[in-house]
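Everything below belongs to entry.txt, which stores compact mmCIF, C-alpha atoms.
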# COMPACT_ATOMS: atom_id res chain seq x y z
CA MET A 19 129.79 55.76 57.92
CA LYS A 20 131.80 54.92 61.02
CA LEU A 21 134.19 57.73 60.19
CA SER A 22 131.41 60.34 60.23
CA SER A 23 129.95 59.17 63.51
CA PRO A 24 132.99 60.17 65.65
CA LEU A 25 133.22 63.42 63.68
CA THR A 26 129.55 64.12 64.33
CA ILE A 27 130.03 63.46 68.03
CA LEU A 28 133.07 65.73 68.08
CA LEU A 29 131.10 68.46 66.30
CA TYR A 30 128.28 68.21 68.84
CA LEU A 31 130.77 68.37 71.71
CA LEU A 32 132.39 71.48 70.24
CA ILE A 33 129.01 73.15 69.84
CA LEU A 34 128.11 72.24 73.43
CA LEU A 35 131.44 73.59 74.67
CA GLN A 36 130.96 76.84 72.75
CA THR A 37 127.45 77.23 74.18
CA LEU A 38 128.67 76.66 77.74
CA CYS A 39 131.54 79.11 77.29
CA SER A 40 129.18 81.71 75.87
CA ALA A 41 126.77 81.30 78.81
CA MET A 42 129.65 81.58 81.29
CA THR A 43 130.86 84.73 79.52
CA ASP A 44 127.36 86.25 79.79
CA ILE A 45 127.19 85.46 83.51
CA GLN A 46 130.69 86.87 84.00
CA PHE A 47 129.67 90.09 82.22
CA VAL A 48 126.67 90.50 84.53
CA GLU A 49 128.82 89.74 87.59
CA ASN A 50 131.49 92.25 86.51
CA THR A 51 128.81 94.86 85.91
CA CYS A 52 127.17 94.22 89.27
CA ASN A 53 130.52 94.36 91.08
CA ASN A 54 130.75 97.99 89.96
CA THR A 55 127.45 98.96 91.60
CA PRO A 56 126.81 100.01 95.21
CA SER A 57 125.13 96.68 95.94
CA PRO A 58 126.31 93.64 93.95
CA ASP A 59 124.25 91.38 96.21
CA LEU A 60 121.11 93.17 95.06
CA CYS A 61 122.20 93.64 91.46
CA LEU A 62 122.88 89.98 90.66
CA PRO A 63 119.45 88.63 91.66
CA THR A 64 117.85 91.58 89.88
CA LEU A 65 119.55 90.90 86.55
CA LEU A 66 120.47 87.21 86.34
CA PRO A 67 116.97 85.67 86.56
CA ASN A 68 115.83 87.75 83.61
CA PRO A 69 116.37 85.71 80.44
CA GLU A 70 117.15 88.91 78.53
CA SER A 71 120.37 89.22 80.54
CA ASP A 72 121.80 86.21 78.68
CA ASN A 73 122.97 88.23 75.69
CA ALA A 74 122.49 91.75 76.96
CA ASP A 75 125.01 94.52 76.56
CA LEU A 76 125.31 97.23 79.20
CA THR A 77 122.32 99.14 77.81
CA GLY A 78 120.29 95.92 77.90
CA LEU A 79 121.20 95.36 81.55
CA ALA A 80 120.22 98.97 82.32
CA LEU A 81 116.86 98.40 80.60
CA ILE A 82 116.29 95.27 82.70
CA GLY A 83 117.04 97.33 85.80
CA VAL A 84 114.68 100.11 84.76
CA SER A 85 111.95 97.50 84.21
CA THR A 86 112.62 96.24 87.73
CA VAL A 87 112.11 99.77 89.06
CA TYR A 88 108.81 99.91 87.17
CA ASP A 89 107.64 96.58 88.61
CA LYS A 90 108.68 97.60 92.11
CA GLY A 91 106.82 100.90 91.66
CA LEU A 92 103.64 99.01 90.77
CA GLU A 93 104.06 96.75 93.82
CA ILE A 94 104.47 99.77 96.07
CA LEU A 95 101.42 101.48 94.57
CA HIS A 96 99.43 98.35 95.38
CA GLN A 97 100.79 98.46 98.94
CA VAL A 98 99.81 102.13 99.23
CA ASP A 99 96.27 101.34 98.05
CA GLU A 100 95.94 98.59 100.63
CA LEU A 101 97.24 100.87 103.38
CA LEU A 102 94.87 103.66 102.35
CA ASN A 103 92.01 101.25 102.96
CA SER A 104 93.30 99.92 106.26
CA ARG A 105 95.26 102.75 107.90
CA VAL A 106 93.22 105.94 107.50
CA GLU A 107 95.36 107.73 110.09
CA LEU A 108 98.21 107.61 107.54
CA THR A 109 96.20 109.14 104.70
CA SER A 110 98.25 112.32 104.29
CA ALA A 111 101.58 110.51 103.97
CA LEU A 112 100.09 107.73 101.86
CA VAL A 113 98.53 110.17 99.40
CA TYR A 114 101.93 111.80 99.02
CA CYS A 115 103.57 108.40 98.47
CA SER A 116 100.92 107.51 95.92
CA GLU A 117 101.76 110.68 93.97
CA VAL A 118 105.48 109.87 94.21
CA TYR A 119 105.14 106.32 92.92
CA HIS A 120 102.64 107.24 90.23
CA ALA A 121 105.28 109.66 88.93
CA VAL A 122 107.91 106.90 89.07
CA VAL A 123 105.75 104.46 87.11
CA ASP A 124 104.63 107.09 84.62
CA PRO A 125 106.31 109.33 83.38
CA GLN A 126 109.74 108.67 84.97
CA VAL A 127 110.36 105.02 84.02
CA PRO A 128 109.08 105.39 80.44
CA SER A 129 111.27 108.47 79.97
CA SER A 130 114.28 106.58 81.32
CA LYS A 131 113.67 103.68 78.92
CA GLU A 132 113.28 106.07 76.01
CA ALA A 133 116.47 107.89 76.97
CA LEU A 134 118.37 104.60 77.10
CA HIS A 135 117.08 103.62 73.66
CA ARG A 136 118.14 107.01 72.27
CA GLY A 137 121.54 106.92 73.95
CA VAL A 138 120.79 109.87 76.22
CA PHE A 139 122.31 108.15 79.22
CA ARG A 140 122.67 111.18 81.48
CA SER A 141 118.91 111.73 81.33
CA ALA A 142 118.20 108.07 82.10
CA GLU A 143 120.59 108.17 85.06
CA SER A 144 118.98 111.37 86.34
CA VAL A 145 115.60 109.65 86.42
CA MET A 146 117.00 106.85 88.58
CA ALA A 147 118.58 109.39 90.93
CA ASP A 148 115.21 111.18 91.16
CA THR A 149 113.48 107.87 91.88
CA ALA A 150 115.83 107.19 94.80
CA VAL A 151 115.25 110.70 96.18
CA GLU A 152 111.46 110.39 95.77
CA SER A 153 111.31 107.04 97.58
CA GLU A 154 113.28 108.59 100.45
CA ALA A 155 110.87 111.53 100.47
CA CYS A 156 107.93 109.14 100.72
CA GLU A 157 109.57 107.52 103.72
CA LYS A 158 110.25 110.87 105.40
CA SER A 159 106.67 112.04 104.86
CA PHE A 160 105.48 109.72 107.63
CA GLY A 161 107.85 111.29 110.14
CA GLU A 162 106.74 114.75 109.09
CA HIS A 163 103.25 113.75 110.18
CA GLY A 164 104.53 112.25 113.45
CA GLN A 165 103.89 108.72 112.26
CA THR A 166 105.90 105.56 111.81
CA SER A 167 106.15 104.36 108.25
CA PRO A 168 104.70 100.94 107.42
CA MET A 169 106.57 101.19 104.10
CA THR A 170 110.18 101.41 105.25
CA ASP A 171 111.24 98.12 103.64
CA SER A 172 109.55 98.97 100.34
CA ASN A 173 110.93 102.50 100.21
CA ASN A 174 114.45 101.36 101.12
CA SER A 175 114.25 98.61 98.53
CA MET A 176 113.23 101.08 95.83
CA THR A 177 116.04 103.44 96.84
CA ASP A 178 118.57 100.61 96.67
CA VAL A 179 117.36 99.29 93.29
CA ALA A 180 117.25 102.78 91.78
CA ASN A 181 120.80 103.43 93.00
CA VAL A 182 122.02 100.13 91.48
CA VAL A 183 120.33 100.86 88.16
CA GLY A 184 121.68 104.40 88.21
CA ALA A 185 125.19 103.00 88.71
CA ILE A 186 124.75 100.69 85.71
CA ILE A 187 123.59 103.62 83.59
CA ARG A 188 126.57 105.71 84.75
CA MET A 189 128.84 103.03 83.28
CA LEU A 190 127.41 104.03 79.90
CA LEU A 191 128.45 107.68 80.28
Show me this structure written as structure tokens.
Amino acid sequence: MKLSSPLTILLYLLILLQTLCSAMTDIQFVENTCNNTPSPDLCLPTLLPNPESDNADLTGLALIGVSTVYDKGLEILHQVDELLNSRVELTSALVYCSEVYHAVVDPQVPSSKEALHRGVFRSAESVMADTAVESEACEKSFGEHGQTSPMTDSNNSMTDVANVVGAIIRMLL
């Protein structure tokens, strides 16, 4: 019995060591991936907190990123709705931004996810590029109406996230 006890402890320690090494490898994979994007400082906090990143391959990380774009699109749509109720002088630009972000949330993000699942990476990357362009267009629409955008931070954030996700998808090409 005494002989099995040290062996049992050794077995548990080996399992623990393997688990720790595996977790470190997963984190290293995410870090290496993020270091090949335009903004590693944005990429890491986008991917690492998601528990699905623990064992994700590159396609899995891209899917996490696309989901982040979707969530950010919903947040921005909520912001647009609030601004439409409180800043009527911005209605023209806000209506345009609403159309832009509705297109991002549906159909763009679902089509990007589907393309990733089917292995049509160029199409998925194109959607992220379009998302970045559309968020910039939303921002510019305020200036076209002689107004200052109250959405600069949100639009810039969407542009940055879409560019990071697009870079991850390009790694799949």
**Complete:** For Gly164 of chain A, the closest of A:Cys61, A:Leu92, A:Leu76, A:Leu108 counting all atoms listed in the file is A:Leu108
**Shell of 12 Å around Thr166 of chain A, all atoms listed in the file, local chain residues under 6 positions omitted, as a ChimeraX atom specification** = /A:105,107-108,111-112,156-160
**Message:** Given the point (127.0, 87.7, 82.1) in the file's coordinates, find the residues that have an atom at most 8 Å from it, counting all atoms listed in the file, and give them as a list in words.
**Reply:** Ala41, Met42, Thr43, Asp44, Ile45, Gln46, Phe47, Val48, Glu49, Asn50, Leu66, Ser71, Asp72, Asn73 and Ala74 of chain A
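Straight-line separation from atom CA of Ile186 of chain A to atom CA of Pro69 of chain A: 18.0 Å.
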**Pairwise distance for atom CA of Val84 of chain A and atom CA of Val113 of chain A, rounded to one decimal in Å** =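 Separating atom CA of Val84 of chain A from atom CA of Val113 of chain A is a distance of 24.0 Å.
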